[in-house]
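Engineer: You'll find coords.cif just under this line, and it carries mmCIF, C-alpha atoms.
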```cif
data_entry
loop_
_atom_site.label_atom_id
_atom_site.label_comp_id
_atom_site.auth_asym_id
_atom_site.auth_seq_id
_atom_site.Cartn_x
_atom_site.Cartn_y
_atom_site.Cartn_z
CA MET R 1 -16.80 -90.98 -97.46
CA SER R 2 -17.19 -87.57 -99.10
CA LEU R 3 -16.84 -84.26 -97.27
CA LEU R 4 -20.52 -83.51 -97.85
CA GLN R 5 -21.56 -86.76 -96.17
CA THR R 6 -19.21 -86.02 -93.28
CA PHE R 7 -20.75 -82.58 -92.89
CA ARG R 8 -24.30 -83.99 -92.88
CA ILE R 9 -23.45 -86.57 -90.21
CA ALA R 10 -21.73 -83.91 -88.09
CA LEU R 11 -24.69 -81.55 -88.46
CA ARG R 12 -27.17 -84.23 -87.39
CA ALA R 13 -25.05 -84.99 -84.34
CA LEU R 14 -24.99 -81.32 -83.33
CA LEU R 15 -28.75 -80.89 -83.85
CA ARG R 16 -29.49 -83.84 -81.56
CA ASN R 17 -28.26 -81.67 -78.68
CA LYS R 18 -29.29 -78.16 -79.71
CA THR R 19 -29.06 -76.59 -76.26
CA ARG R 20 -25.62 -78.05 -75.57
CA SER R 21 -24.35 -76.97 -78.99
CA LEU R 22 -25.69 -73.44 -78.45
CA LEU R 23 -24.08 -73.13 -75.03
CA THR R 24 -20.80 -74.48 -76.42
CA THR R 25 -20.67 -71.74 -79.05
CA LEU R 26 -21.42 -69.05 -76.48
CA GLY R 27 -17.78 -68.68 -75.45
CA VAL R 28 -16.74 -68.16 -79.07
CA VAL R 29 -19.63 -65.71 -79.61
CA ILE R 30 -18.55 -63.62 -76.64
CA GLY R 31 -14.87 -63.77 -77.62
CA VAL R 32 -15.37 -62.74 -81.26
CA GLY R 33 -17.93 -60.09 -80.34
CA ALA R 34 -15.66 -58.61 -77.69
CA VAL R 35 -12.63 -58.51 -80.00
CA ILE R 36 -14.55 -56.76 -82.79
CA ALA R 37 -16.25 -54.29 -80.42
CA MET R 38 -13.03 -53.37 -78.60
CA VAL R 39 -10.98 -52.97 -81.78
CA ALA R 40 -13.75 -50.92 -83.44
CA ILE R 41 -13.96 -48.59 -80.44
CA GLY R 42 -10.17 -48.34 -80.20
CA GLU R 43 -9.75 -47.57 -83.89
CA GLY R 44 -12.57 -45.05 -83.66
CA ALA R 45 -10.81 -43.32 -80.77
CA LYS R 46 -7.59 -43.30 -82.80
CA ALA R 47 -9.43 -41.74 -85.75
CA ARG R 48 -10.87 -39.11 -83.43
CA VAL R 49 -7.40 -38.21 -82.18
CA GLU R 50 -6.15 -37.95 -85.77
CA ALA R 51 -9.09 -35.73 -86.71
CA ALA R 52 -8.51 -33.50 -83.68
CA PHE R 53 -4.88 -32.90 -84.63
CA ALA R 54 -5.72 -32.58 -88.33
CA SER R 55 -8.14 -29.78 -87.46
CA MET R 56 -5.25 -27.86 -85.88
CA GLY R 57 -3.39 -27.86 -89.19
CA ALA R 58 -1.28 -30.01 -91.47
CA ASN R 59 2.35 -30.68 -90.48
CA LEU R 60 2.05 -27.94 -87.90
CA LEU R 61 4.81 -26.35 -85.85
CA ILE R 62 4.24 -23.54 -83.36
CA VAL R 63 7.05 -21.22 -82.27
CA LEU R 64 6.49 -19.58 -78.88
CA PRO R 65 8.53 -16.64 -77.54
CA GLY R 66 10.61 -16.80 -74.37
CA SER R 67 9.85 -16.70 -70.66
CA THR R 68 10.19 -13.95 -68.12
CA SER R 69 11.98 -14.54 -64.83
CA LYS R 70 11.34 -12.38 -61.77
CA GLY R 71 12.54 -13.30 -58.29
CA GLY R 72 13.08 -16.88 -59.40
CA ALA R 73 9.51 -17.16 -60.72
CA MET R 74 9.37 -18.21 -64.37
CA GLY R 75 6.55 -16.74 -66.41
CA GLY R 76 6.42 -19.56 -68.95
CA PHE R 77 6.86 -19.52 -72.72
CA GLY R 78 5.12 -16.55 -74.32
CA SER R 79 5.49 -14.24 -71.34
CA MET R 80 8.47 -12.34 -72.81
CA PRO R 81 8.62 -11.22 -76.47
CA THR R 82 11.80 -12.59 -78.03
CA LEU R 83 10.64 -13.27 -81.59
CA THR R 84 10.90 -10.53 -84.20
CA TRP R 85 9.28 -9.87 -87.54
CA GLU R 86 12.71 -10.41 -89.08
CA ASP R 87 12.80 -13.88 -87.46
CA LEU R 88 9.51 -14.66 -89.21
CA ASN R 89 10.87 -13.52 -92.59
CA ALA R 90 14.08 -15.50 -92.05
CA ILE R 91 12.09 -18.66 -91.29
CA ARG R 92 10.11 -18.18 -94.51
CA ASN R 93 13.16 -17.56 -96.68
CA GLU R 94 15.97 -19.65 -95.16
CA CYS R 95 14.33 -22.88 -93.95
CA SER R 96 13.93 -25.22 -96.91
CA ALA R 97 11.62 -27.61 -95.04
CA VAL R 98 9.14 -24.81 -94.24
CA ARG R 99 6.20 -24.37 -96.63
CA ARG R 100 4.31 -21.53 -94.94
CA ALA R 101 4.82 -19.32 -91.87
CA SER R 102 2.48 -16.78 -90.35
CA ALA R 103 2.25 -14.68 -87.20
CA ALA R 104 -0.70 -15.05 -84.84
CA LEU R 105 -1.27 -12.02 -82.57
CA ARG R 106 -4.08 -12.83 -80.19
CA SER R 107 -6.25 -10.91 -77.75
CA ASN R 108 -9.57 -11.66 -76.00
CA THR R 109 -11.79 -8.73 -76.83
CA GLN R 110 -15.46 -7.81 -76.84
CA VAL R 111 -17.01 -7.67 -80.29
CA MET R 112 -20.34 -6.00 -81.04
CA SER R 113 -22.88 -6.17 -83.84
CA ASP R 114 -25.92 -3.91 -84.09
CA GLU R 115 -27.92 -6.00 -81.61
CA GLN R 116 -25.55 -8.38 -79.81
CA ASN R 117 -22.09 -8.52 -78.23
CA TRP R 118 -19.68 -11.35 -77.53
CA THR R 119 -16.21 -11.68 -76.03
CA THR R 120 -14.02 -13.81 -78.25
CA SER R 121 -10.46 -14.41 -79.39
CA VAL R 122 -9.39 -11.79 -81.94
CA THR R 123 -6.34 -12.86 -83.95
CA GLY R 124 -4.22 -10.66 -86.16
CA THR R 125 -2.63 -12.70 -88.91
CA SER R 126 -1.91 -13.06 -92.64
CA PRO R 127 -3.52 -15.10 -95.44
CA ASP R 128 -0.96 -17.91 -94.97
CA TYR R 129 -2.45 -18.68 -91.55
CA PHE R 130 -5.59 -20.22 -93.03
CA ASP R 131 -3.56 -22.37 -95.42
CA ILE R 132 -1.39 -23.59 -92.51
CA ARG R 133 -4.48 -24.42 -90.44
CA SER R 134 -6.26 -26.03 -93.45
CA TRP R 135 -9.18 -23.73 -92.73
CA LYS R 136 -11.46 -22.80 -95.62
CA VAL R 137 -13.86 -19.89 -96.03
CA VAL R 138 -17.44 -21.03 -96.77
CA HIS R 139 -18.99 -17.58 -97.31
CA GLY R 140 -17.33 -14.48 -98.70
CA ARG R 141 -13.54 -14.38 -98.95
CA SER R 142 -10.49 -14.81 -96.77
CA LEU R 143 -7.86 -12.23 -95.87
CA GLU R 144 -5.62 -11.15 -98.75
CA GLY R 145 -2.13 -9.73 -98.98
CA SER R 146 -3.51 -6.29 -99.84
CA ASP R 147 -5.53 -6.26 -96.60
CA VAL R 148 -2.31 -6.75 -94.62
CA GLU R 149 -0.35 -4.18 -96.63
CA THR R 150 -2.94 -1.43 -96.31
CA GLY R 151 -4.22 -2.25 -92.81
CA THR R 152 -7.80 -2.68 -93.99
CA LYS R 153 -10.47 -2.90 -91.29
CA VAL R 154 -11.94 -6.23 -92.35
CA ALA R 155 -12.72 -9.40 -90.37
CA VAL R 156 -13.24 -13.11 -90.98
CA LEU R 157 -15.50 -14.83 -88.45
CA GLY R 158 -15.69 -18.32 -87.01
CA GLN R 159 -19.07 -20.06 -86.92
CA THR R 160 -19.60 -19.60 -83.16
CA VAL R 161 -19.03 -15.84 -83.41
CA VAL R 162 -21.51 -15.65 -86.29
CA GLU R 163 -24.15 -17.46 -84.22
CA LYS R 164 -23.60 -15.24 -81.16
CA LEU R 165 -23.61 -11.93 -83.04
CA PHE R 166 -26.06 -12.53 -85.89
CA GLY R 167 -27.98 -15.78 -85.24
CA ASN R 168 -27.80 -19.34 -86.54
CA SER R 169 -29.03 -18.80 -90.11
CA ALA R 170 -27.66 -15.30 -90.73
CA ASP R 171 -25.18 -14.37 -93.45
CA PRO R 172 -22.98 -11.64 -91.92
CA VAL R 173 -20.83 -11.02 -95.01
CA GLY R 174 -20.94 -7.30 -95.81
CA GLN R 175 -22.25 -6.33 -92.38
CA SER R 176 -20.41 -4.22 -89.84
CA ILE R 177 -19.10 -5.16 -86.39
CA ARG R 178 -17.17 -3.16 -83.81
CA ILE R 179 -13.96 -4.29 -82.13
CA LYS R 180 -13.00 -1.96 -79.30
CA ASN R 181 -15.49 0.51 -80.79
CA VAL R 182 -13.65 0.43 -84.13
CA PRO R 183 -15.89 -0.54 -87.09
CA PHE R 184 -14.84 -3.57 -89.14
CA GLN R 185 -16.53 -5.04 -92.20
CA VAL R 186 -17.18 -8.78 -92.22
CA ILE R 187 -15.74 -10.22 -95.43
CA GLY R 188 -15.89 -13.97 -94.77
CA VAL R 189 -17.13 -16.84 -92.62
CA LEU R 190 -14.92 -19.86 -91.94
CA GLU R 191 -16.06 -23.47 -92.14
CA ARG R 192 -16.96 -25.15 -88.86
CA LYS R 193 -13.88 -26.71 -87.28
CA GLY R 194 -15.29 -28.03 -84.00
CA GLN R 195 -13.50 -28.55 -80.73
CA SER R 196 -9.99 -29.60 -79.85
CA ALA R 197 -9.22 -32.70 -77.79
CA MET R 198 -9.02 -30.38 -74.76
CA GLY R 199 -12.44 -28.85 -75.41
CA GLN R 200 -11.32 -25.57 -77.00
CA ASP R 201 -13.88 -24.21 -79.48
CA TYR R 202 -11.90 -23.40 -82.63
CA ASP R 203 -14.93 -21.64 -84.12
CA ASP R 204 -15.08 -19.08 -81.31
CA ALA R 205 -12.56 -16.84 -83.08
CA LEU R 206 -12.31 -13.77 -85.27
CA PHE R 207 -9.45 -12.87 -87.60
CA VAL R 208 -8.21 -9.48 -88.86
CA PRO R 209 -5.09 -8.42 -90.79
CA GLN R 210 -2.04 -8.33 -88.51
CA THR R 211 -1.27 -4.70 -89.36
CA THR R 212 -4.83 -3.67 -88.49
CA PHE R 213 -4.60 -5.66 -85.25
CA MET R 214 -1.48 -3.74 -84.17
CA SER R 215 -2.94 -0.35 -85.02
CA LYS R 216 -6.57 -0.77 -83.92
CA VAL R 217 -6.83 -3.68 -81.47
CA GLN R 218 -3.58 -4.06 -79.57
CA GLY R 219 -0.48 -1.98 -80.12
CA GLY R 220 2.61 -3.60 -81.57
CA MET R 221 6.09 -3.69 -80.08
CA ALA R 222 8.14 -2.25 -82.94
CA GLN R 223 10.42 -4.99 -84.24
CA TYR R 224 9.15 -7.61 -81.76
CA LEU R 225 6.33 -9.97 -82.65
CA ASN R 226 3.92 -9.96 -79.70
CA GLY R 227 2.48 -13.41 -80.38
CA THR R 228 3.36 -16.80 -81.82
CA ILE R 229 4.41 -18.10 -85.22
CA PHE R 230 2.45 -20.86 -86.95
CA ILE R 231 4.47 -22.92 -89.42
CA SER R 232 3.56 -25.63 -91.91
CA ALA R 233 6.28 -28.03 -93.04
CA VAL R 234 6.59 -29.12 -96.66
CA SER R 235 5.33 -32.60 -95.77
CA ALA R 236 4.73 -34.86 -92.79
CA THR R 237 8.15 -36.48 -93.30
CA THR R 238 9.96 -33.12 -93.21
CA THR R 239 8.29 -31.80 -90.04
CA ALA R 240 11.19 -32.89 -87.82
CA ALA R 241 13.70 -31.42 -90.29
CA ALA R 242 11.77 -28.13 -90.31
CA GLN R 243 11.86 -28.08 -86.51
CA ARG R 244 15.65 -28.58 -86.49
CA GLN R 245 16.16 -25.88 -89.13
CA ILE R 246 14.01 -23.38 -87.23
CA MET R 247 15.76 -24.05 -83.92
CA GLY R 248 19.20 -23.71 -85.51
CA LEU R 249 18.22 -20.50 -87.32
CA LEU R 250 16.72 -18.84 -84.23
CA ARG R 251 19.61 -19.83 -81.98
CA ASP R 252 21.99 -18.30 -84.50
CA ARG R 253 19.92 -15.12 -84.92
CA HIS R 254 19.47 -14.70 -81.16
CA ARG R 255 23.19 -15.40 -80.54
CA ILE R 256 22.54 -18.25 -78.11
CA GLY R 257 25.68 -20.08 -77.05
CA PRO R 258 26.15 -23.89 -77.02
CA ASN R 259 25.49 -24.17 -73.28
CA GLN R 260 22.70 -21.60 -73.11
CA ASP R 261 18.98 -22.33 -73.03
CA ASP R 262 16.74 -21.31 -75.90
CA ASP R 263 14.73 -18.11 -75.50
CA PHE R 264 11.95 -19.67 -77.58
CA ASN R 265 10.13 -22.96 -77.85
CA VAL R 266 9.22 -24.93 -80.99
CA ARG R 267 6.30 -27.32 -80.52
CA ASN R 268 5.86 -30.13 -82.99
CA LEU R 269 2.22 -31.16 -83.08
CA ALA R 270 3.07 -34.16 -85.24
CA GLU R 271 5.04 -35.63 -82.33
CA MET R 272 2.15 -34.94 -79.96
CA ALA R 273 -0.29 -36.58 -82.37
CA SER R 274 2.02 -39.59 -82.76
CA ALA R 275 2.26 -39.99 -78.98
CA GLN R 276 -1.52 -39.80 -78.63
CA GLN R 277 -2.03 -42.34 -81.41
CA GLU R 278 0.56 -44.68 -79.90
CA GLY R 279 -1.22 -44.53 -76.57
CA THR R 280 -4.56 -45.26 -78.23
CA LYS R 281 -2.99 -48.11 -80.20
CA ASN R 282 -1.60 -49.68 -77.02
CA LEU R 283 -4.99 -49.38 -75.34
CA THR R 284 -6.68 -51.01 -78.33
CA THR R 285 -4.17 -53.87 -78.29
CA LEU R 286 -4.69 -54.36 -74.56
CA LEU R 287 -8.49 -54.43 -74.90
CA ALA R 288 -8.32 -56.82 -77.87
CA SER R 289 -5.92 -59.11 -75.97
CA ILE R 290 -8.24 -59.26 -72.98
CA ALA R 291 -11.18 -59.98 -75.28
CA ALA R 292 -9.20 -62.70 -77.08
CA ILE R 293 -8.93 -64.60 -73.79
CA SER R 294 -12.67 -65.25 -74.15
CA LEU R 295 -11.91 -67.03 -77.42
CA LEU R 296 -9.45 -69.33 -75.66
CA VAL R 297 -12.02 -70.02 -72.95
CA GLY R 298 -14.54 -70.77 -75.69
CA GLY R 299 -12.07 -73.15 -77.32
CA ILE R 300 -11.57 -75.01 -74.06
CA GLY R 301 -15.35 -75.29 -73.81
CA ILE R 302 -15.50 -76.80 -77.29
CA MET R 303 -12.80 -79.35 -76.41
CA ASN R 304 -14.58 -80.27 -73.18
CA ILE R 305 -17.92 -80.83 -74.90
CA MET R 306 -16.32 -82.78 -77.74
CA LEU R 307 -14.60 -85.09 -75.23
CA VAL R 308 -17.96 -85.65 -73.54
CA SER R 309 -19.50 -86.31 -76.95
CA VAL R 310 -16.83 -88.91 -77.78
CA THR R 311 -17.53 -90.70 -74.51
CA GLU R 312 -21.30 -90.61 -75.02
CA ARG R 313 -21.05 -91.87 -78.61
CA THR R 314 -18.44 -94.57 -78.12
CA ARG R 315 -20.83 -97.36 -79.21
CA GLU R 316 -21.87 -95.31 -82.27
CA ILE R 317 -18.21 -94.84 -83.24
CA GLY R 318 -17.59 -98.58 -82.83
CA LEU R 319 -20.63 -99.40 -84.97
CA ARG R 320 -19.51 -97.04 -87.73
CA MET R 321 -16.04 -98.56 -87.72
CA ALA R 322 -17.54 -102.07 -87.83
CA VAL R 323 -19.49 -101.26 -91.01
CA GLY R 324 -16.44 -99.81 -92.78
CA ALA R 325 -15.74 -96.28 -91.51
CA ARG R 326 -12.05 -95.55 -91.49
CA PRO R 327 -10.25 -93.75 -88.61
CA ARG R 328 -9.81 -90.68 -90.82
CA ASP R 329 -13.60 -90.59 -91.43
CA ILE R 330 -14.19 -90.52 -87.66
CA LEU R 331 -11.45 -87.88 -87.28
CA ALA R 332 -13.02 -85.73 -90.01
CA GLN R 333 -16.51 -86.01 -88.49
CA PHE R 334 -15.47 -84.72 -85.06
CA LEU R 335 -13.24 -82.01 -86.57
CA VAL R 336 -16.16 -80.80 -88.70
CA GLU R 337 -18.39 -80.72 -85.62
CA ALA R 338 -15.86 -78.62 -83.69
CA LEU R 339 -15.24 -76.38 -86.71
CA SER R 340 -18.98 -75.86 -87.24
CA LEU R 341 -19.46 -74.82 -83.62
CA SER R 342 -16.60 -72.32 -83.76
CA ILE R 343 -17.58 -70.82 -87.14
CA LEU R 344 -21.21 -70.48 -86.06
CA GLY R 345 -20.03 -68.74 -82.91
CA GLY R 346 -17.80 -66.49 -85.01
CA VAL R 347 -20.62 -65.40 -87.32
CA VAL R 348 -22.97 -64.65 -84.43
CA GLY R 349 -20.11 -62.93 -82.60
CA ILE R 350 -19.52 -60.61 -85.57
CA ALA R 351 -23.14 -59.45 -85.51
CA LEU R 352 -23.11 -58.92 -81.74
CA GLY R 353 -19.69 -57.21 -81.89
CA LEU R 354 -20.86 -54.71 -84.51
CA LEU R 355 -24.02 -54.03 -82.53
CA ALA R 356 -22.07 -53.60 -79.28
CA ALA R 357 -19.57 -51.27 -80.99
CA ALA R 358 -22.40 -49.10 -82.32
CA LYS R 359 -24.08 -48.91 -78.90
CA LEU R 360 -20.82 -48.10 -77.09
CA ALA R 361 -19.93 -45.45 -79.67
CA GLU R 362 -23.37 -43.89 -79.23
CA SER R 363 -22.95 -43.85 -75.45
CA PHE R 364 -19.46 -42.32 -75.49
CA GLY R 365 -20.01 -40.09 -78.51
CA TRP R 366 -17.07 -41.71 -80.32
CA PRO R 367 -16.91 -42.84 -83.93
CA THR R 368 -16.47 -46.53 -84.69
CA LEU R 369 -14.10 -47.81 -87.31
CA VAL R 370 -14.80 -51.41 -88.30
CA GLN R 371 -12.04 -52.82 -90.45
CA PRO R 372 -12.80 -55.83 -92.69
CA ASP R 373 -9.43 -57.38 -91.93
CA VAL R 374 -10.24 -57.39 -88.19
CA ILE R 375 -13.49 -59.27 -88.92
CA ALA R 376 -11.63 -61.74 -91.15
CA ILE R 377 -8.96 -62.30 -88.49
CA ALA R 378 -11.60 -62.81 -85.78
CA VAL R 379 -13.47 -65.41 -87.87
CA GLY R 380 -10.23 -67.09 -88.90
CA PHE R 381 -9.09 -67.20 -85.28
CA SER R 382 -12.40 -68.70 -84.18
CA ALA R 383 -12.08 -71.38 -86.89
CA ALA R 384 -8.52 -72.07 -85.74
CA VAL R 385 -9.81 -72.41 -82.18
CA GLY R 386 -12.29 -75.04 -83.40
CA VAL R 387 -9.63 -77.01 -85.24
CA ILE R 388 -7.00 -76.79 -82.50
CA PHE R 389 -9.28 -77.60 -79.59
CA GLY R 390 -11.27 -80.13 -81.58
CA ALA R 391 -8.20 -82.03 -82.78
CA TYR R 392 -7.58 -83.92 -79.53
CA PRO R 393 -11.16 -85.23 -79.08
CA ALA R 394 -11.32 -86.11 -82.82
CA ARG R 395 -8.02 -87.98 -82.66
CA LYS R 396 -9.15 -89.80 -79.54
CA ALA R 397 -12.36 -90.86 -81.28
CA SER R 398 -10.50 -92.05 -84.39
CA GLN R 399 -8.15 -94.23 -82.35
CA LEU R 400 -10.87 -96.17 -80.55
CA ASP R 401 -10.76 -99.95 -80.96
CA PRO R 402 -14.02 -101.03 -82.70
CA ILE R 403 -14.46 -104.14 -80.50
CA ASP R 404 -13.91 -102.22 -77.25
CA ALA R 405 -16.17 -99.43 -78.49
CA LEU R 406 -19.03 -101.88 -79.21
CA ARG R 407 -18.67 -103.37 -75.72
CA TYR R 408 -18.77 -99.88 -74.09
CA GLU R 409 -21.84 -99.16 -71.95
#
```
Have the structure of the file written as structure tokens, please.

Structural biologist:
Amino acid sequence: MSLLQTFRIALRALLRNKTRSLLTTLGVVIGVGAVIAMVAIGEGAKARVEAAFASMGANLLIVLPGSTSKGGAMGGFGSMPTLTWEDLNAIRNECSAVRRASAALRSNTQVMSDEQNWTTSVTGTSPDYFDIRSWKVVHGRSLEGSDVETGTKVAVLGQTVVEKLFGNSADPVGQSIRIKNVPFQVIGVLERKGQSAMGQDYDDALFVPQTTFMSKVQGGMAQYLNGTIFISAVSATTTAAAQRQIMGLLRDRHRIGPNQDDDFNVRNLAEMASAQQEGTKNLTTLLASIAAISLLVGGIGIMNIMLVSVTERTREIGLRMAVGARPRDILAQFLVEALSLSILGGVVGIALGLLAAAKLAESFGWPTLVQPDVIAIAVGFSAAVGVIFGAYPARKASQLDPIDALRYE
């Protein structure tokens, strides 16, 4: 008997009991749908974490100055200036794994336009900062080396500052603002960067040349750098090497002994991102594993119904064998029936899984990332469930004795 004939016979048998066949596939539908929805949500969360860290900068390292200690109370990193401008130049010139390095001198200050005012983060920095942060200017221009050298009173604004001082659709390039009553000319507007994973608004910021910052916004501390250092490694694979080079260089420059603690801290955002992604990956695996249990339950349901079907159709099986059907024909028929139920459940489960993922993503405000290989694996697994759990009932049917089967009532 051909495969097409076997399929037709199996299909007719399933259609004779439409409700039972539909309920049998329900376990597979729920299992496949749950796997696809959970993996899509998990991958979307992972992509969101990656995007959040990417918005902070590529291959980013941040060097923080030391901590004060008074009466046994530690002030935390950044509370005591220990980094110098010479340290910054040494990092640029002596660390081979470092691509860019820039100071970031920060102060929360009120900024005024002609009609509005807003308190925001004012950062004194250099042109390299925007390259390190992968932050482009969408209107006007960015800071240039000449602005830093001459201490020009110019400013680059984030999108939130533009909206608060000038309005949503305004172009502030060329207009004047006042920082601590000092006039600055707006020369550029940065692209929208959004929020960090902790809710910080990156766009609520304003940038001026570091020399202008020290002379007009917040006084400098001679050779000490009253802020942090942002560093970009040559590549993602050299970030750890850059961190080791920086730590070794600063320990040597600050004359820190082998058993002494560092008077600085180097934070590797790549390690933080990797830890976040690993946590999200584990959560996705856990959710998918729980959802996959539904597939096993669905497979047990298929086996149960197929065993019932074999019992109900014992006389039919005996009659088919009496007119020439071979055991392998009977085996193939029941395997095709089980496989059809599982594949049908898989197809319906894909549609429901994609719909559920979209609805959940809309509710949580997360992106969804549906991978074709996950869909293929889910369908393949559902087909395997049909074959595995349908094999025993099919084998039982094929081994029936024709005479005993015809006598069965």

Engineer: If you take only C-alpha atoms and a cut-off of 10 Å, which residues of region 167-279 of chain R touch region 90-94 of chain R, and what are their nearest atom pairs and distances in Å to one decimal, in chain and number order, as JSON lines?

Structural biologist:
```
{"residue": "R:Ile229", "atom": "CA", "partner": "R:Ile91", "partner_atom": "CA", "distance": 9.8}
{"residue": "R:Ile231", "atom": "CA", "partner": "R:Ile91", "partner_atom": "CA", "distance": 8.9}
{"residue": "R:Ala242", "atom": "CA", "partner": "R:Ile91", "partner_atom": "CA", "distance": 9.5}
{"residue": "R:Gln245", "atom": "CA", "partner": "R:Ile91", "partner_atom": "CA", "distance": 8.6}
{"residue": "R:Ile246", "atom": "CA", "partner": "R:Ile91", "partner_atom": "CA", "distance": 6.5}
{"residue": "R:Met247", "atom": "CA", "partner": "R:Ile91", "partner_atom": "CA", "distance": 9.8}
{"residue": "R:Leu249", "atom": "CA", "partner": "R:Ile91", "partner_atom": "CA", "distance": 7.5}
{"residue": "R:Leu250", "atom": "CA", "partner": "R:Ile91", "partner_atom": "CA", "distance": 8.4}
{"residue": "R:Arg253", "atom": "CA", "partner": "R:Ala90", "partner_atom": "CA", "distance": 9.2}
```

Engineer: I need the output of the PyMOL selection byres ((chain R and resi 357) around 12) for this file as a PyMOL selection string; which residues are they?

Structural biologist: chain R and resi 33-45+349-356+358-370

Engineer: With all atoms listed in the file as the counted atoms, please give the residues lying no more than 12 Å from Glu149 (chain R), apart from itself and same-chain residues fewer than 4 positions off, as a PyMOL selection string.

Structural biologist: chain R and resi 125-127+143-145+153+209-212

Engineer: To one decimal place in Å, what is the distance between CA of Ala97 (chain R) and CA of Leu61 (chain R)?

Structural biologist: 11.5 Å

Engineer: Neighbours of Met214 (chain R) within 12 Å (only C-alpha atoms; same-chain residues fewer than 3 positions away dropped), as a list in words?

Structural biologist: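 Final neighbour list, sorted by chain and number: Ala103, Ala104, Leu105, Arg106, Ser107, Val122, Thr123, Gly124, Thr125, Val148, Gly151, Thr152, Lys153, Val208, Pro209, Gln210, Thr211, Val217, Gln218, Gly219, Gly220, Met221, Ala222, Gln223, Tyr224, Leu225, Asn226 and Gly227 of chain R.
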
Engineer: Which residues, named as in the file, does the PyMOL selection byres ((chain R and resi 134-139) around 12) pick out? Answer as a compact mmCIF listing (two decimals) with C-alpha atoms, in the coordinates of the input.

Structural biologist:
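Written out: selection_25.txt:
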```txt
# COMPACT_ATOMS: atom_id res chain seq x y z
CA PHE R 53 -4.88 -32.90 -84.63
CA ALA R 54 -5.72 -32.58 -88.33
CA SER R 55 -8.14 -29.78 -87.46
CA MET R 56 -5.25 -27.86 -85.88
CA GLY R 57 -3.39 -27.86 -89.19
CA ALA R 58 -1.28 -30.01 -91.47
CA ASN R 59 2.35 -30.68 -90.48
CA LEU R 60 2.05 -27.94 -87.90
CA ARG R 100 4.31 -21.53 -94.94
CA PRO R 127 -3.52 -15.10 -95.44
CA ASP R 128 -0.96 -17.91 -94.97
CA TYR R 129 -2.45 -18.68 -91.55
CA PHE R 130 -5.59 -20.22 -93.03
CA ASP R 131 -3.56 -22.37 -95.42
CA ILE R 132 -1.39 -23.59 -92.51
CA ARG R 133 -4.48 -24.42 -90.44
CA GLY R 140 -17.33 -14.48 -98.70
CA ARG R 141 -13.54 -14.38 -98.95
CA SER R 142 -10.49 -14.81 -96.77
CA LEU R 143 -7.86 -12.23 -95.87
CA ALA R 155 -12.72 -9.40 -90.37
CA VAL R 156 -13.24 -13.11 -90.98
CA LEU R 157 -15.50 -14.83 -88.45
CA GLY R 158 -15.69 -18.32 -87.01
CA GLN R 159 -19.07 -20.06 -86.92
CA VAL R 162 -21.51 -15.65 -86.29
CA ALA R 170 -27.66 -15.30 -90.73
CA ASP R 171 -25.18 -14.37 -93.45
CA PRO R 172 -22.98 -11.64 -91.92
CA VAL R 173 -20.83 -11.02 -95.01
CA GLY R 174 -20.94 -7.30 -95.81
CA VAL R 186 -17.18 -8.78 -92.22
CA ILE R 187 -15.74 -10.22 -95.43
CA GLY R 188 -15.89 -13.97 -94.77
CA VAL R 189 -17.13 -16.84 -92.62
CA LEU R 190 -14.92 -19.86 -91.94
CA GLU R 191 -16.06 -23.47 -92.14
CA ARG R 192 -16.96 -25.15 -88.86
CA LYS R 193 -13.88 -26.71 -87.28
CA GLY R 194 -15.29 -28.03 -84.00
CA TYR R 202 -11.90 -23.40 -82.63
CA ASP R 203 -14.93 -21.64 -84.12
CA PHE R 207 -9.45 -12.87 -87.60
CA ILE R 231 4.47 -22.92 -89.42
CA SER R 232 3.56 -25.63 -91.91
```

Engineer: Which residues match the PyMOL selection byres ((chain R and resi 377-394) around 6) in the file above, as a PyMOL selection string?

Structural biologist: chain R and resi 32+299+303+306-307+331+334-335+338-339+342-343+346+374-376+395-397

Engineer: Expressed in Å to a single decimal, how great is the separation between CA of Ser121 (chain R) and CA of Gln175 (chain R)?

Structural biologist: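 Pair CA of Ser121 (chain R) / CA of Gln175 (chain R) returns 19.3 Å.
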
Engineer: Would you compute the distance between CA of Asn117 (chain R) and CA of Leu165 (chain R)? Give it in Å to one decimal.

Structural biologist: 6.1 Å

Engineer: Restricting the calculation to all atoms listed in the file: of R:Gly324, R:Gly318, R:Gly248, R:Gly298, which residue gets closest to Val29 (chain R)?

Structural biologist: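 Looking at the shortest contact to Val29 (chain R), the residue is R:Gly298.
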
Engineer: Considering only C-alpha atoms, return as an mmCIF file with C-alpha atoms, keeping the file's coordinate frame whatever protein or nucleic-acid residues lie within 12 Å of His254 (chain R), sequence-local ones (same chain, fewer than 6 positions apart) excluded.

Structural biologist:
```
data_model
loop_
_atom_site.group_PDB
_atom_site.id
_atom_site.type_symbol
_atom_site.label_atom_id
_atom_site.label_comp_id
_atom_site.auth_asym_id
_atom_site.auth_seq_id
_atom_site.Cartn_x
_atom_site.Cartn_y
_atom_site.Cartn_z
ATOM 1 C CA PRO R 65 8.530 -16.640 -77.540
ATOM 2 C CA GLY R 66 10.610 -16.800 -74.370
ATOM 3 C CA THR R 82 11.800 -12.590 -78.030
ATOM 4 C CA LEU R 83 10.640 -13.270 -81.590
ATOM 5 C CA THR R 84 10.900 -10.530 -84.200
ATOM 6 C CA GLU R 86 12.710 -10.410 -89.080
ATOM 7 C CA ASP R 87 12.800 -13.880 -87.460
ATOM 8 C CA ILE R 246 14.010 -23.380 -87.230
ATOM 9 C CA MET R 247 15.760 -24.050 -83.920
ATOM 10 C CA GLY R 248 19.200 -23.710 -85.510
ATOM 11 C CA GLN R 260 22.700 -21.600 -73.110
ATOM 12 C CA ASP R 261 18.980 -22.330 -73.030
ATOM 13 C CA ASP R 262 16.740 -21.310 -75.900
ATOM 14 C CA ASP R 263 14.730 -18.110 -75.500
ATOM 15 C CA PHE R 264 11.950 -19.670 -77.580
#
```
